[in-house]
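Next comes protein_15.csv, with CSV, C-alpha atoms.
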```csv
chain,number,residue,atom,x,y,z
A,194,MET,CA,0.0,0.0,0.0
A,195,SER,CA,1.2,3.5,-0.8
A,196,ALA,CA,2.0,5.8,2.0
A,197,ASP,CA,1.1,9.0,0.1
A,198,LEU,CA,-2.7,8.6,-0.1
A,199,GLU,CA,-4.3,11.8,-1.3
A,200,GLY,CA,-6.7,13.7,0.9
A,201,ILE,CA,-9.4,12.6,3.2
A,202,ALA,CA,-11.7,9.7,2.6
A,203,VAL,CA,-14.7,10.6,0.4
A,204,GLN,CA,-17.0,8.9,2.9
A,205,ASP,CA,-16.0,11.4,5.5
A,206,VAL,CA,-17.6,14.2,3.5
A,207,TYR,CA,-20.9,12.4,2.6
A,208,PRO,CA,-23.9,14.4,3.9
A,209,GLU,CA,-25.3,13.0,7.1
A,210,ASP,CA,-28.6,11.9,5.5
A,211,VAL,CA,-26.6,9.5,3.2
A,212,ALA,CA,-23.8,8.4,5.6
A,213,HIS,CA,-25.5,5.4,7.1
A,214,CYS,CA,-24.5,2.7,4.6
A,215,TYR,CA,-23.5,-0.6,6.3
A,216,GLY,CA,-20.4,-0.8,4.1
A,217,CYS,CA,-19.1,2.7,4.1
A,218,GLY,CA,-21.3,4.9,6.3
A,219,ARG,CA,-19.4,6.8,8.9
A,220,LEU,CA,-22.6,7.1,11.0
A,221,ASN,CA,-23.2,3.4,11.1
A,222,GLU,CA,-21.5,2.3,14.2
A,223,ASP,CA,-22.1,-1.4,13.4
A,224,GLY,CA,-21.0,-1.2,9.8
A,225,LEU,CA,-17.6,-1.7,8.1
A,226,GLN,CA,-16.9,2.1,7.7
A,227,LEU,CA,-14.8,1.6,4.6
A,228,LYS,CA,-12.7,4.6,3.6
A,229,THR,CA,-11.8,5.4,-0.1
A,230,ARG,CA,-9.0,7.8,-1.1
A,231,TRP,CA,-7.0,8.6,-4.2
A,232,ASP,CA,-3.6,7.0,-4.6
A,233,GLY,CA,-2.3,8.7,-7.8
A,234,GLN,CA,-4.7,7.7,-10.6
A,235,GLU,CA,-6.1,4.8,-8.6
A,236,THR,CA,-8.5,4.7,-5.7
A,237,VAL,CA,-7.7,2.6,-2.6
A,238,SER,CA,-9.5,1.3,0.4
A,239,VAL,CA,-8.1,-1.1,3.1
A,240,PHE,CA,-10.2,-3.2,5.5
A,241,THR,CA,-9.2,-5.9,7.9
A,242,PRO,CA,-11.9,-8.5,8.3
A,243,ARG,CA,-12.9,-9.5,11.8
A,244,PRO,CA,-14.0,-12.9,13.2
A,245,GLU,CA,-17.7,-12.2,12.5
A,246,HIS,CA,-16.8,-12.1,8.7
A,247,THR,CA,-16.0,-15.8,8.7
A,248,ALA,CA,-17.4,-18.2,6.0
A,249,ILE,CA,-15.4,-21.2,7.2
A,250,PRO,CA,-12.6,-21.0,9.8
A,251,GLY,CA,-9.8,-18.9,8.4
A,252,TYR,CA,-11.7,-17.5,5.4
A,253,VAL,CA,-13.9,-14.5,4.7
A,254,TYR,CA,-17.5,-15.0,3.5
A,255,GLY,CA,-18.1,-13.9,-0.1
A,256,GLY,CA,-20.7,-11.3,0.8
A,257,LEU,CA,-18.0,-9.2,2.6
A,258,VAL,CA,-15.9,-9.3,-0.6
A,259,ALA,CA,-18.8,-8.1,-2.6
A,260,SER,CA,-19.6,-5.4,-0.1
A,261,LEU,CA,-16.1,-4.1,-0.2
A,262,LEU,CA,-16.1,-3.9,-4.0
A,263,ASP,CA,-19.5,-2.3,-4.0
A,264,CYS,CA,-18.7,0.4,-1.5
A,265,HIS,CA,-15.3,1.0,-2.9
A,266,GLY,CA,-16.8,1.4,-6.3
A,267,THR,CA,-19.4,4.0,-5.3
A,268,GLY,CA,-16.8,5.9,-3.2
A,269,SER,CA,-14.5,5.8,-6.2
A,270,ALA,CA,-17.3,7.1,-8.4
A,271,ALA,CA,-17.8,10.0,-6.1
A,272,LEU,CA,-14.1,10.8,-6.1
A,273,ALA,CA,-14.1,10.6,-9.9
A,274,GLY,CA,-17.1,12.8,-10.1
A,275,TYR,CA,-15.5,15.4,-8.0
A,276,ARG,CA,-12.2,15.2,-10.0
A,277,ALA,CA,-14.1,15.5,-13.3
A,278,GLN,CA,-15.7,18.7,-12.0
A,279,ASP,CA,-12.3,19.9,-10.6
A,280,TRP,CA,-13.9,20.1,-7.2
A,281,GLU,CA,-12.5,19.0,-3.8
A,282,PRO,CA,-14.5,16.2,-2.2
A,283,GLY,CA,-17.2,17.7,0.0
A,284,THR,CA,-17.8,20.7,-2.3
A,285,GLU,CA,-21.5,21.6,-2.7
A,286,PRO,CA,-23.6,20.2,-4.2
A,287,PRO,CA,-22.5,16.9,-2.8
A,288,LEU,CA,-21.8,14.1,-5.3
A,289,ARG,CA,-23.2,10.7,-4.1
A,290,TYR,CA,-23.5,7.6,-6.3
A,291,VAL,CA,-25.4,4.4,-6.0
A,292,THR,CA,-24.7,1.0,-7.6
A,293,ALA,CA,-26.5,0.3,-10.9
A,294,ASN,CA,-24.5,-2.9,-11.5
A,295,LEU,CA,-21.9,-4.9,-9.6
A,296,THR,CA,-20.0,-7.8,-11.1
A,297,VAL,CA,-17.7,-9.9,-8.9
A,298,ASP,CA,-15.3,-12.6,-9.9
A,299,PHE,CA,-13.9,-14.6,-7.0
A,300,LEU,CA,-10.4,-15.8,-7.9
A,301,ALA,CA,-9.1,-17.4,-4.7
A,302,PRO,CA,-10.2,-17.9,-1.1
A,303,THR,CA,-10.0,-14.7,0.9
A,304,PRO,CA,-8.1,-15.1,4.2
A,305,LEU,CA,-9.5,-13.8,7.4
A,306,GLY,CA,-7.5,-11.5,9.7
A,307,VAL,CA,-5.2,-9.8,7.1
A,308,PRO,CA,-5.7,-6.4,5.6
A,309,LEU,CA,-7.6,-6.5,2.3
A,310,GLU,CA,-6.8,-3.8,-0.2
A,311,VAL,CA,-9.3,-2.7,-2.8
A,312,ARG,CA,-7.9,-0.7,-5.7
A,313,GLY,CA,-10.0,0.9,-8.4
A,314,THR,CA,-9.3,2.3,-11.8
A,315,ILE,CA,-11.8,4.7,-13.3
A,316,ALA,CA,-12.9,3.3,-16.7
A,317,GLU,CA,-15.6,5.8,-17.6
A,318,VAL,CA,-17.0,9.1,-16.3
A,319,THR,CA,-20.1,10.8,-17.7
A,320,ALA,CA,-22.4,13.4,-16.1
A,321,LYS,CA,-24.6,10.7,-14.5
A,322,LYS,CA,-22.5,7.5,-14.5
A,323,VAL,CA,-19.0,6.2,-13.5
A,324,VAL,CA,-17.6,2.8,-14.2
A,325,VAL,CA,-14.9,1.5,-11.9
A,326,GLU,CA,-12.7,-1.6,-12.5
A,327,GLU,CA,-11.5,-3.1,-9.2
A,328,SER,CA,-9.2,-5.6,-7.7
A,329,LEU,CA,-9.1,-6.9,-4.1
A,330,THR,CA,-5.8,-8.3,-2.8
A,331,ALA,CA,-4.8,-10.1,0.4
A,332,ASP,CA,-1.1,-10.4,1.3
A,333,GLY,CA,-0.3,-9.4,-2.3
A,334,VAL,CA,-2.6,-12.1,-3.9
A,335,THR,CA,-5.5,-10.9,-6.0
A,336,VAL,CA,-8.5,-12.8,-4.6
A,337,ALA,CA,-11.3,-11.0,-6.4
A,338,ARG,CA,-12.0,-8.6,-9.3
A,339,GLY,CA,-15.0,-6.4,-9.6
A,340,ARG,CA,-16.7,-3.9,-11.9
A,341,VAL,CA,-19.1,-1.3,-10.6
A,342,VAL,CA,-21.4,0.8,-12.7
A,343,ALA,CA,-22.4,3.7,-10.4
A,344,VAL,CA,-25.0,6.3,-11.1
A,345,ARG,CA,-25.7,9.7,-9.5
A,346,MET,CA,-28.0,9.1,-6.6
A,347,PRO,CA,-31.5,10.3,-7.3
A,348,GLU,CA,-32.6,13.2,-5.2
A,349,THR,CA,-35.6,11.3,-4.1
A,350,MET,CA,-33.2,9.0,-2.0
A,351,SER,CA,-31.9,11.9,0.1
A,352,ARG,CA,-33.9,13.2,3.0
A,353,GLY,CA,-31.8,16.5,3.1
```
Turn the structure described in the file into C-alpha cells.
Amino acid sequence: MSADLEGIAVQDVYPEDVAHCYGCGRLNEDGLQLKTRWDGQETVSVFTPRPEHTAIPGYVYGGLVASLLDCHGTGSAALAGYRAQDWEPGTEPPLRYVTANLTVDFLAPTPLGVPLEVRGTIAEVTAKKVVVEESLTADGVTVARGRVVAVRMPETMSRG
C-alpha cells in the first residue's frame, strides 16, 4: 500500500442523510466504515476482516468481498465525479453515487484477519455514470476482481 494517499476519505464528507451505509457509512457504528481515497490515478480502500466475517474458519465470506467492492466502487465514483468537476470532495452540491450494476469474480479464497486492499481504476465518467474496475488483494494475492457501474444518486433518495 502506498504511504502517500491523497486527501481525506470521500465517505467522511458524505452528507449526514446519506452516511448510514453498512459498508461505508461513517454514521453506522455497526458497519464496516470503509474509507476510499485517491492514490495517484487509482483509488484505494483497506479493510481488515474481523472474526464475524467468517465463512469457514480462516476465510472471509463472499458477501463481505462483494460489499467491499460495492462500497469502494461507489466511493471511487464520487471521487471521480469530484475530480471531473475539478472540485474538492465535500464541495456543494455533494456528489453521491449508488450501484446500478456490480460484477464480482472470485479468484481465490480470501483469508481472514489480514488487511484486504481494494484498488480501483476509473474506466468511464459521464455526467450521470461512473464505471470502476477493481481488484481486491490479500497479502499481495489478487483474490477478487470487480466492476461497478455507479450512477448519481436520485434526489428522491436523500432526506436532506
Using all atoms listed in the file, which residues sit within 9 Å of Lys321 of chain A once same-chain residues fewer than 6 positions away are excluded, as a list in words?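 Counting all atoms listed in the file, the residues come to Gly274, Tyr290, Ala343, Val344, Arg345 and Met346 of chain A.
Nearest residue to Val203 of chain A, choosing from A:Thr335, A:Thr284, A:Asn221, A:Thr330 and counting only C-alpha atoms: A:Thr284.
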For Thr229 of chain A, which of A:Ala212, A:Val311, A:Val258, A:Ala248 is the closest residue, counting all atoms listed in the file?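 Once distances to Thr229 of chain A are computed over all atoms listed in the file, the minimum belongs to A:Val311.
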Report, in Å to a single decimal, how far apart atom CA of Arg312 of chain A and atom CA of Asp232 of chain A are. 8.9 Å
Check the smallest atom-to-atom distance from each of A:Val318, A:Val291, A:Ala301, A:Val334 to Arg276 of chain A using only C-alpha atoms, then report the winner.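 Closest to Arg276 of chain A of all the choices is A:Val318.
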For a test of reading the model, state the distance in Å between atom CA of Gly333 of chain A and atom CA of Pro302 of chain A, rounded to one decimal. 13.1 Å
Pick from A:Ser269, A:Trp280, A:Pro304, A:Leu220, whichever lies nearest to Ile249 of chain A using only C-alpha atoms: A:Pro304
Separation of atom CA of Glu326 of chain A from atom CA of Pro244 of chain A, in Å and rounded to one decimal: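 Separation between atom CA of Glu326 of chain A and atom CA of Pro244 of chain A: 28.1 Å.
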For Thr236 of chain A, which of A:Val342, A:Ala337, A:Ala270, A:Val253 is the closest residue, counting only C-alpha atoms?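 Closest to Thr236 of chain A of all the choices is A:Ala270.
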Fill-in result for segment 307-331 of chain A, N, CA and C atoms as a compact mmCIF listing (two decimals), in the frame of the given file:
```
# COMPACT_ATOMS: atom_id res chain seq x y z
N VAL A 307 -6.25 -10.63 7.75
CA VAL A 307 -5.20 -9.80 7.10
C VAL A 307 -5.82 -8.66 6.42
N PRO A 308 -5.10 -7.55 6.30
CA PRO A 308 -5.70 -6.40 5.60
C PRO A 308 -6.02 -6.77 4.14
N LEU A 309 -7.20 -6.35 3.72
CA LEU A 309 -7.60 -6.50 2.30
C LEU A 309 -7.57 -5.15 1.68
N GLU A 310 -6.93 -5.09 0.53
CA GLU A 310 -6.80 -3.80 -0.20
C GLU A 310 -7.60 -3.86 -1.45
N VAL A 311 -8.47 -2.88 -1.61
CA VAL A 311 -9.30 -2.70 -2.80
C VAL A 311 -8.70 -1.56 -3.60
N ARG A 312 -8.39 -1.79 -4.87
CA ARG A 312 -7.90 -0.70 -5.70
C ARG A 312 -8.85 -0.59 -6.91
N GLY A 313 -9.10 0.66 -7.28
CA GLY A 313 -10.00 0.90 -8.40
C GLY A 313 -9.35 1.80 -9.44
N THR A 314 -9.72 1.53 -10.68
CA THR A 314 -9.30 2.30 -11.80
C THR A 314 -10.61 2.86 -12.46
N ILE A 315 -10.63 4.14 -12.73
CA ILE A 315 -11.80 4.70 -13.30
C ILE A 315 -11.79 4.46 -14.82
N ALA A 316 -12.80 3.71 -15.30
CA ALA A 316 -12.90 3.30 -16.70
C ALA A 316 -13.69 4.29 -17.54
N GLU A 317 -14.67 4.93 -16.91
CA GLU A 317 -15.60 5.80 -17.60
C GLU A 317 -16.19 6.82 -16.68
N VAL A 318 -16.31 8.07 -17.11
CA VAL A 318 -17.00 9.10 -16.30
C VAL A 318 -17.89 9.89 -17.27
N THR A 319 -19.18 9.95 -16.94
CA THR A 319 -20.10 10.80 -17.70
C THR A 319 -20.80 11.68 -16.60
N ALA A 320 -21.71 12.52 -17.02
CA ALA A 320 -22.40 13.40 -16.10
C ALA A 320 -23.23 12.61 -15.06
N LYS A 321 -23.69 11.42 -15.43
CA LYS A 321 -24.60 10.70 -14.50
C LYS A 321 -24.03 9.31 -14.14
N LYS A 322 -22.91 8.86 -14.74
CA LYS A 322 -22.50 7.50 -14.50
C LYS A 322 -20.94 7.44 -14.43
N VAL A 323 -20.45 6.53 -13.57
CA VAL A 323 -19.00 6.20 -13.50
C VAL A 323 -18.86 4.73 -13.45
N VAL A 324 -17.88 4.24 -14.23
CA VAL A 324 -17.60 2.80 -14.20
C VAL A 324 -16.21 2.63 -13.60
N VAL A 325 -16.13 1.72 -12.64
CA VAL A 325 -14.90 1.50 -11.90
C VAL A 325 -14.51 0.01 -12.03
N GLU A 326 -13.27 -0.25 -12.45
CA GLU A 326 -12.70 -1.60 -12.50
C GLU A 326 -11.89 -1.77 -11.22
N GLU A 327 -12.06 -2.91 -10.52
CA GLU A 327 -11.50 -3.10 -9.20
C GLU A 327 -10.74 -4.40 -9.03
N SER A 328 -9.80 -4.40 -8.11
CA SER A 328 -9.20 -5.60 -7.70
C SER A 328 -9.08 -5.62 -6.16
N LEU A 329 -9.21 -6.80 -5.57
CA LEU A 329 -9.10 -6.90 -4.10
C LEU A 329 -7.96 -7.93 -3.86
N THR A 330 -7.00 -7.48 -3.05
CA THR A 330 -5.80 -8.30 -2.80
C THR A 330 -5.74 -8.58 -1.25
N ALA A 331 -5.14 -9.73 -0.93
CA ALA A 331 -4.80 -10.10 0.40
C ALA A 331 -3.42 -10.65 0.44
```
